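Participant: My structure file entry-v2.pdb, PDB, C-alpha atoms, pLDDT in the B column, is below:
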```pdb
ATOM      1  CA  MET G  20     127.464 147.084 229.719  1.00 42.00           C
ATOM      2  CA  ARG G  21     125.389 148.023 232.761  1.00 39.00           C
ATOM      3  CA  ALA G  22     123.127 150.177 230.582  1.00 39.00           C
ATOM      4  CA  VAL G  23     122.551 147.237 228.231  1.00 40.00           C
ATOM      5  CA  LEU G  24     121.653 144.944 231.138  1.00 37.00           C
ATOM      6  CA  VAL G  25     119.229 147.491 232.599  1.00 40.00           C
ATOM      7  CA  THR G  26     117.530 147.851 229.213  1.00 43.00           C
ATOM      8  CA  LEU G  27     117.136 144.102 228.753  1.00 44.00           C
ATOM      9  CA  LEU G  28     115.661 143.732 232.227  1.00 41.00           C
ATOM     10  CA  ALA G  29     113.254 146.578 231.530  1.00 49.00           C
ATOM     11  CA  LEU G  30     112.126 145.021 228.267  1.00 54.00           C
ATOM     12  CA  ALA G  31     111.416 141.748 230.033  1.00 46.00           C
ATOM     13  CA  ALA G  32     109.473 143.465 232.811  1.00 46.00           C
ATOM     14  CA  VAL G  33     107.069 145.619 230.808  1.00 49.00           C
ATOM     15  CA  PRO G  34     103.578 144.593 232.024  1.00 40.00           C
ATOM     16  CA  ARG G  35     101.056 143.233 229.531  1.00 41.00           C
ATOM     17  CA  ALA G  36     102.875 144.705 226.517  1.00 43.00           C
ATOM     18  CA  PRO G  37     102.847 142.047 223.785  1.00 43.00           C
ATOM     19  CA  ALA G  38     106.410 142.003 222.446  1.00 44.00           C
ATOM     20  CA  VAL G  39     106.913 140.871 218.867  1.00 46.00           C
ATOM     21  CA  TRP G  40     110.635 140.413 218.263  1.00 47.00           C
ATOM     22  CA  LEU G  41     112.168 141.017 214.856  1.00 46.00           C
ATOM     23  CA  GLY G  42     113.138 137.354 214.712  1.00 50.00           C
ATOM     24  CA  LYS G  43     109.441 136.513 214.262  1.00 60.00           C
ATOM     25  CA  LEU G  44     108.695 139.147 211.649  1.00 64.00           C
ATOM     26  CA  ASP G  45     108.650 138.844 207.908  1.00 68.00           C
ATOM     27  CA  PRO G  46     111.147 141.590 206.975  1.00 65.00           C
ATOM     28  CA  GLY G  47     108.790 142.748 204.239  1.00 74.00           C
ATOM     29  CA  GLN G  48     106.327 143.883 206.893  1.00 80.00           C
ATOM     30  CA  LEU G  49     108.796 146.460 208.210  1.00 86.00           C
ATOM     31  CA  LEU G  50     109.995 147.765 204.860  1.00 91.00           C
ATOM     32  CA  GLY G  51     108.723 150.862 203.105  1.00 93.00           C
ATOM     33  CA  SER G  52     107.760 154.350 204.244  1.00 95.00           C
ATOM     34  CA  TRP G  53     106.638 155.270 207.751  1.00 96.00           C
ATOM     35  CA  TYR G  54     105.650 158.376 209.638  1.00 97.00           C
ATOM     36  CA  VAL G  55     107.159 158.760 213.114  1.00 97.00           C
ATOM     37  CA  VAL G  56     104.174 160.235 214.942  1.00 98.00           C
ATOM     38  CA  ALA G  57     105.234 159.794 218.567  1.00 98.00           C
ATOM     39  CA  MET G  58     108.529 159.427 220.356  1.00 98.00           C
ATOM     40  CA  ALA G  59     110.010 158.796 223.782  1.00 98.00           C
ATOM     41  CA  SER G  60     113.658 159.669 224.273  1.00 97.00           C
ATOM     42  CA  GLY G  61     116.225 159.883 227.012  1.00 96.00           C
ATOM     43  CA  GLU G  62     118.390 162.231 224.935  1.00 94.00           C
ATOM     44  CA  LYS G  63     119.514 165.414 226.657  1.00 92.00           C
ATOM     45  CA  GLY G  64     117.398 168.356 225.614  1.00 90.00           C
ATOM     46  CA  PHE G  65     114.509 166.277 224.254  1.00 93.00           C
ATOM     47  CA  ALA G  66     112.115 167.529 226.944  1.00 91.00           C
ATOM     48  CA  VAL G  67     112.637 171.061 225.624  1.00 90.00           C
ATOM     49  CA  GLU G  68     112.925 170.242 221.923  1.00 90.00           C
ATOM     50  CA  LYS G  69     109.718 168.190 221.819  1.00 92.00           C
ATOM     51  CA  ALA G  70     107.619 171.358 222.070  1.00 91.00           C
ATOM     52  CA  VAL G  71     108.529 172.244 218.475  1.00 90.00           C
ATOM     53  CA  LYS G  72     109.161 168.767 217.081  1.00 92.00           C
ATOM     54  CA  ASN G  73     107.174 167.809 213.975  1.00 94.00           C
ATOM     55  CA  ILE G  74     106.273 164.404 212.552  1.00 96.00           C
ATOM     56  CA  GLU G  75     109.298 162.710 210.992  1.00 96.00           C
ATOM     57  CA  GLY G  76     109.694 160.274 208.103  1.00 96.00           C
ATOM     58  CA  VAL G  77     111.502 156.944 207.796  1.00 96.00           C
ATOM     59  CA  THR G  78     112.063 154.718 204.772  1.00 95.00           C
ATOM     60  CA  VAL G  79     113.340 151.181 205.441  1.00 93.00           C
ATOM     61  CA  THR G  80     114.905 148.856 202.861  1.00 91.00           C
ATOM     62  CA  LEU G  81     116.710 145.533 203.138  1.00 86.00           C
ATOM     63  CA  THR G  82     119.606 144.375 200.970  1.00 82.00           C
ATOM     64  CA  PRO G  83     120.142 140.742 199.880  1.00 82.00           C
ATOM     65  CA  GLU G  84     122.977 140.652 202.447  1.00 81.00           C
ATOM     66  CA  ASN G  85     120.488 141.451 205.245  1.00 76.00           C
ATOM     67  CA  THR G  86     121.843 144.964 205.729  1.00 86.00           C
ATOM     68  CA  LEU G  87     119.036 147.211 206.883  1.00 89.00           C
ATOM     69  CA  LYS G  88     119.083 150.663 205.300  1.00 91.00           C
ATOM     70  CA  VAL G  89     117.202 153.340 207.194  1.00 93.00           C
ATOM     71  CA  LEU G  90     116.681 156.751 205.644  1.00 93.00           C
ATOM     72  CA  ALA G  91     115.226 159.254 208.098  1.00 93.00           C
ATOM     73  CA  SER G  92     114.187 162.884 207.958  1.00 93.00           C
ATOM     74  CA  ARG G  93     114.548 164.206 211.496  1.00 88.00           C
ATOM     75  CA  HIS G  94     113.144 167.518 212.648  1.00 84.00           C
ATOM     76  CA  ARG G  95     115.873 169.372 214.554  1.00 79.00           C
ATOM     77  CA  LEU G  96     114.748 172.744 215.875  1.00 73.00           C
ATOM     78  CA  GLU G  97     114.643 175.026 212.813  1.00 76.00           C
ATOM     79  CA  ARG G  98     115.835 172.563 210.170  1.00 83.00           C
ATOM     80  CA  CYS G  99     115.163 169.117 208.753  1.00 89.00           C
ATOM     81  CA  GLU G 100     118.064 166.660 208.897  1.00 90.00           C
ATOM     82  CA  LEU G 101     118.124 163.884 206.304  1.00 91.00           C
ATOM     83  CA  SER G 102     120.292 160.939 207.342  1.00 88.00           C
ATOM     84  CA  ALA G 103     121.009 157.440 206.071  1.00 89.00           C
ATOM     85  CA  VAL G 104     122.400 154.634 208.207  1.00 91.00           C
ATOM     86  CA  GLU G 105     123.178 150.996 207.417  1.00 92.00           C
ATOM     87  CA  LEU G 106     122.574 148.473 210.172  1.00 93.00           C
ATOM     88  CA  LEU G 107     123.997 144.968 210.322  1.00 91.00           C
ATOM     89  CA  ARG G 108     121.986 141.968 211.379  1.00 84.00           C
ATOM     90  CA  GLN G 109     122.974 140.425 214.696  1.00 82.00           C
ATOM     91  CA  ASP G 110     123.821 136.732 214.830  1.00 69.00           C
ATOM     92  CA  SER G 111     120.768 135.941 216.939  1.00 60.00           C
ATOM     93  CA  ALA G 112     117.225 137.001 216.053  1.00 61.00           C
ATOM     94  CA  TRP G 113     116.130 139.623 213.526  1.00 68.00           C
ATOM     95  CA  VAL G 114     117.804 142.490 215.363  1.00 83.00           C
ATOM     96  CA  PHE G 115     120.090 145.073 213.763  1.00 90.00           C
ATOM     97  CA  GLU G 116     123.014 147.130 215.006  1.00 93.00           C
ATOM     98  CA  ASN G 117     126.015 149.200 214.021  1.00 94.00           C
ATOM     99  CA  PRO G 118     128.078 149.896 217.158  1.00 93.00           C
ATOM    100  CA  SER G 119     130.698 151.808 215.145  1.00 91.00           C
ATOM    101  CA  LEU G 120     127.992 154.392 214.436  1.00 89.00           C
ATOM    102  CA  GLY G 121     126.564 154.307 217.949  1.00 91.00           C
ATOM    103  CA  VAL G 122     123.525 152.122 217.143  1.00 93.00           C
ATOM    104  CA  LEU G 123     123.723 149.320 219.697  1.00 94.00           C
ATOM    105  CA  GLU G 124     120.290 147.883 218.960  1.00 94.00           C
ATOM    106  CA  TYR G 125     117.344 148.401 216.616  1.00 93.00           C
ATOM    107  CA  ARG G 126     114.308 146.171 217.073  1.00 90.00           C
ATOM    108  CA  VAL G 127     110.522 146.104 216.878  1.00 89.00           C
ATOM    109  CA  LEU G 128     108.737 145.791 220.210  1.00 90.00           C
ATOM    110  CA  GLY G 129     105.189 145.456 218.898  1.00 88.00           C
ATOM    111  CA  THR G 130     103.178 145.709 215.693  1.00 87.00           C
ATOM    112  CA  ASN G 131      99.848 144.729 214.176  1.00 86.00           C
ATOM    113  CA  PHE G 132     101.721 143.688 210.999  1.00 77.00           C
ATOM    114  CA  ARG G 133      99.831 146.272 208.957  1.00 87.00           C
ATOM    115  CA  ASP G 134      99.448 149.844 210.198  1.00 94.00           C
ATOM    116  CA  TYR G 135     102.026 150.513 212.904  1.00 95.00           C
ATOM    117  CA  ALA G 136     105.196 149.360 214.626  1.00 94.00           C
ATOM    118  CA  ILE G 137     106.787 150.285 217.955  1.00 96.00           C
ATOM    119  CA  VAL G 138     110.552 150.565 217.374  1.00 95.00           C
ATOM    120  CA  PHE G 139     113.181 150.528 220.119  1.00 96.00           C
ATOM    121  CA  THR G 140     116.717 151.827 219.585  1.00 96.00           C
ATOM    122  CA  GLN G 141     119.680 151.938 221.939  1.00 96.00           C
ATOM    123  CA  LEU G 142     122.154 154.657 221.001  1.00 94.00           C
ATOM    124  CA  GLU G 143     125.539 156.024 221.978  1.00 93.00           C
ATOM    125  CA  GLN G 144     126.385 159.455 220.582  1.00 84.00           C
ATOM    126  CA  GLN G 145     129.625 161.116 221.621  1.00 81.00           C
ATOM    127  CA  ASP G 146     129.594 160.954 225.416  1.00 85.00           C
ATOM    128  CA  GLU G 147     125.863 160.308 225.752  1.00 93.00           C
ATOM    129  CA  ALA G 148     124.071 156.956 225.883  1.00 95.00           C
ATOM    130  CA  PHE G 149     120.276 156.853 225.653  1.00 96.00           C
ATOM    131  CA  ASN G 150     117.292 154.863 224.420  1.00 97.00           C
ATOM    132  CA  THR G 151     114.363 155.819 222.228  1.00 97.00           C
ATOM    133  CA  VAL G 152     110.943 154.338 221.521  1.00 98.00           C
ATOM    134  CA  GLU G 153     109.228 155.504 218.340  1.00 98.00           C
ATOM    135  CA  LEU G 154     105.773 154.921 216.949  1.00 98.00           C
ATOM    136  CA  TYR G 155     105.983 154.159 213.223  1.00 97.00           C
ATOM    137  CA  SER G 156     102.683 154.615 211.395  1.00 97.00           C
ATOM    138  CA  ARG G 157     101.785 154.075 207.741  1.00 96.00           C
ATOM    139  CA  THR G 158      99.685 157.264 207.913  1.00 96.00           C
ATOM    140  CA  HIS G 159     100.253 160.484 209.816  1.00 96.00           C
ATOM    141  CA  LEU G 160      97.153 159.744 211.898  1.00 96.00           C
ATOM    142  CA  ALA G 161      97.990 156.851 214.199  1.00 96.00           C
ATOM    143  CA  SER G 162      95.201 154.653 215.498  1.00 95.00           C
ATOM    144  CA  ARG G 163      94.093 154.664 219.121  1.00 95.00           C
ATOM    145  CA  GLU G 164      95.427 151.113 219.418  1.00 95.00           C
ATOM    146  CA  ALA G 165      98.873 152.207 218.225  1.00 96.00           C
ATOM    147  CA  MET G 166      99.029 155.204 220.556  1.00 97.00           C
ATOM    148  CA  SER G 167      97.928 153.083 223.502  1.00 96.00           C
ATOM    149  CA  LEU G 168     100.633 150.490 222.840  1.00 95.00           C
ATOM    150  CA  PHE G 169     103.260 153.196 222.411  1.00 97.00           C
ATOM    151  CA  THR G 170     102.288 154.730 225.764  1.00 97.00           C
ATOM    152  CA  ARG G 171     102.401 151.364 227.530  1.00 96.00           C
ATOM    153  CA  TRP G 172     105.854 150.552 226.182  1.00 96.00           C
ATOM    154  CA  SER G 173     107.225 154.014 226.925  1.00 97.00           C
ATOM    155  CA  GLN G 174     105.945 154.031 230.481  1.00 96.00           C
ATOM    156  CA  GLY G 175     106.984 150.423 231.032  1.00 95.00           C
ATOM    157  CA  LEU G 176     110.534 151.222 229.943  1.00 96.00           C
ATOM    158  CA  GLY G 177     110.727 154.037 232.455  1.00 96.00           C
ATOM    159  CA  PHE G 178     110.295 157.125 230.279  1.00 97.00           C
ATOM    160  CA  LEU G 179     108.864 160.071 232.197  1.00 96.00           C
ATOM    161  CA  SER G 180     105.967 162.105 230.823  1.00 95.00           C
ATOM    162  CA  GLN G 181     108.322 164.930 229.836  1.00 95.00           C
ATOM    163  CA  GLN G 182     110.377 162.410 227.831  1.00 97.00           C
ATOM    164  CA  GLN G 183     107.378 161.412 225.695  1.00 97.00           C
ATOM    165  CA  ALA G 184     105.813 163.376 222.878  1.00 97.00           C
ATOM    166  CA  ARG G 185     103.165 163.135 220.214  1.00 97.00           C
ATOM    167  CA  LEU G 186     104.772 165.019 217.342  1.00 96.00           C
ATOM    168  CA  HIS G 187     103.142 168.029 215.689  1.00 95.00           C
ATOM    169  CA  PRO G 188     101.217 167.245 212.449  1.00 95.00           C
ATOM    170  CA  ASP G 189     103.475 169.214 210.102  1.00 94.00           C
ATOM    171  CA  LEU G 190     104.547 166.761 207.370  1.00 95.00           C
ATOM    172  CA  THR G 191     107.051 168.981 205.544  1.00 93.00           C
ATOM    173  CA  CYS G 192     110.120 167.308 207.006  1.00 93.00           C
ATOM    174  CA  ALA G 193     108.640 163.792 206.961  1.00 94.00           C
ATOM    175  CA  HIS G 194     107.993 163.882 203.225  1.00 94.00           C
ATOM    176  CA  LYS G 195     111.656 164.580 202.468  1.00 91.00           C
ATOM    177  CA  ALA G 196     112.473 160.978 203.423  1.00 90.00           C
ATOM    178  CA  PHE G 197     109.859 159.706 200.981  1.00 90.00           C
ATOM    179  CA  GLN G 198     111.037 161.886 198.095  1.00 85.00           C
ATOM    180  CA  VAL G 199     114.626 160.584 198.008  1.00 70.00           C
ATOM    181  CA  SER G 200     114.908 157.944 195.301  1.00 50.00           C
ATOM    182  CA  CYS G 201     118.638 157.230 195.547  1.00 48.00           C
ATOM    183  CA  LEU G 202     118.944 155.567 198.945  1.00 45.00           C
ATOM    184  CA  PRO G 203     121.587 152.963 197.921  1.00 42.00           C
ATOM    185  CA  SER G 204     123.866 155.810 196.795  1.00 39.00           C
ATOM    186  CA  ILE G 205     122.536 158.590 198.958  1.00 39.00           C
ATOM    187  CA  ALA G 206     125.854 160.410 199.017  1.00 36.00           C
ATOM    188  CA  ARG G 207     124.978 161.573 195.499  1.00 33.00           C
ATOM    189  CA  CYS G 208     121.605 162.969 196.541  1.00 41.00           C
ATOM    190  CA  ASP G 209     121.335 166.740 196.618  1.00 40.00           C
ATOM    191  CA  PRO G 210     118.652 167.885 199.053  1.00 44.00           C
ATOM    192  CA  SER G 211     117.729 171.534 198.799  1.00 46.00           C
ATOM    193  CA  GLY G 212     116.422 174.243 201.067  1.00 47.00           C
ATOM    194  CA  ASP G 213     116.839 173.843 204.814  1.00 50.00           C
ATOM    195  CA  THR G 214     117.651 170.127 204.666  1.00 45.00           C
ATOM    196  CA  ALA G 215     121.007 168.931 206.003  1.00 48.00           C
ATOM    197  CA  LEU G 216     122.378 165.636 204.683  1.00 48.00           C
ATOM    198  CA  VAL G 217     124.213 163.113 206.871  1.00 50.00           C
ATOM    199  CA  THR G 218     125.419 159.843 205.325  1.00 46.00           C
ATOM    200  CA  ARG G 219     126.469 156.834 207.399  1.00 47.00           C
ATOM    201  CA  GLY G 220     127.313 153.203 206.765  1.00 45.00           C
ATOM    202  CA  PRO G 221     129.107 150.174 208.194  1.00 44.00           C
ATOM    203  CA  ARG G 222     132.821 150.700 208.753  1.00 42.00           C
ATOM    204  CA  GLU G 223     135.411 148.212 207.647  1.00 39.00           C
TER
END
```
Kindly present the structure from the file in structure tokens form.
Facilitator:
Amino acid sequence: MRAVLVTLLALAAVPRAPAVWLGKLDPGQLLGSWYVVAMASGEKGFAVEKAVKNIEGVTVTLTPENTLKVLASRHRLERCELSAVELLRQDSAWVFENPSLGVLEYRVLGTNFRDYAIVFTQLEQQDEAFNTVELYSRTHLASREAMSLFTRWSQGLGFLSQQQARLHPDLTCAHKAFQVSCLPSIARCDPSGDTALVTRGPRE
């Protein structure tokens, strides 16, 4: 609970960073395919791992029941991990979560409604709790405006320089998220090569 309070206070205190909450977004503006070109993370080991971390891919869809489906291809050391997670809409605002899977919050901090979005997530994995800020871009070359906003949010939320990274421009892993055509039934997908598949969804 204390970690949640600290995060909320930090979000409110970020100087001159124009927040655009999900409650004010047309969901269609977030949907589709994105490159993750920059990332800030408090996860253990990120400061070391970022040296070899490539651009990642994310595909976002929304069901009629307002369940957000996020398919991501994450670059983990020497392999690409393909994962799917379903997030449930919170009662207030256009914010998503799935605490049973360790996703306490998923929201957009800022966007120009066209080319980029700054996405904040609050996670709990095993015995570790941490936050991430990611720069989603429609192309693998983010604009100067997008990078500047990402840096301002990351620094404003207390991420140190070693916790921030502009990801390497290798798109091999990113494109795996765009090539999967069976997101609603991803358990039947059969990725090949060095791709590991992780499937997640809301628990009863």
Participant: Using the chain letters and numbers from the file, give me the residues hit by the PyMOL selection byres ((chain G and resi 187) around 8), as an MDAnalysis selection string.
Facilitator: chainID G and resid 56 71:74 185:186 188:189
Participant: Can you pull out the residues contacting G:Ala196? Cut-off 7 Å, using only C-alpha atoms, and skip same-chain residues under 3 positions away; I want them as a PyMOL selection string.
Facilitator: chain G and resi 76-78+90-92+101+193+199
Participant: For the provided coordinates, the residues matched by the PyMOL selection byres ((chain G and resi 145) around 12) should be stated as number ranges by chain.
Facilitator: G: 62, 119-122, 142-144, 146-149
Participant: Check what the PyMOL selection byres ((chain G and resi 168) around 12) selects in the file above and give those residues as a ChimeraX atom specification.
Facilitator: /G:33-38,57,128-131,135-138,152-155,161-167,169-175
Participant: Could you tell me which of G:Leu123, G:Asn150, G:Phe197, G:Ser180 comes closest to G:Lys63 if we count only C-alpha atoms?
Facilitator: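 Using only C-alpha atoms, G:Lys63 sits closest to G:Asn150.
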Participant: May I ask for the distance between atom CA of G:Gln141 and atom CA of G:Tyr125, given in Å to one decimal place?
Facilitator: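 So the answer is 6.8 Å.
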Participant: Report, in Å with one decimal, the straight-line distance from atom CA of G:Phe139 to atom CA of G:Asn85.
Facilitator: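 Here the two named atoms are 18.9 Å from each other.
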Participant: Kindly give the distance, in Å, that separates atom CA of G:Glu116 and atom CA of G:Thr82, rounded to a single decimal.
Facilitator: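 Answer for the atom CA of G:Glu116 to atom CA of G:Thr82 separation: 14.7 Å.
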Participant: Counting all atoms listed in the file, figure out which residue out of G:Thr140, G:Asn117, G:Gln109, G:Ser156 gets nearest to G:Gly51.
Facilitator: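 Result for the nearest residue to G:Gly51: G:Ser156.
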Participant: Considering all atoms listed in the file, can you say which of G:Ser52, G:Thr191, G:Gln198, G:Thr80 comes closest to G:Cys99?
Facilitator: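 So, comparing all the options, the nearest one is G:Thr191.
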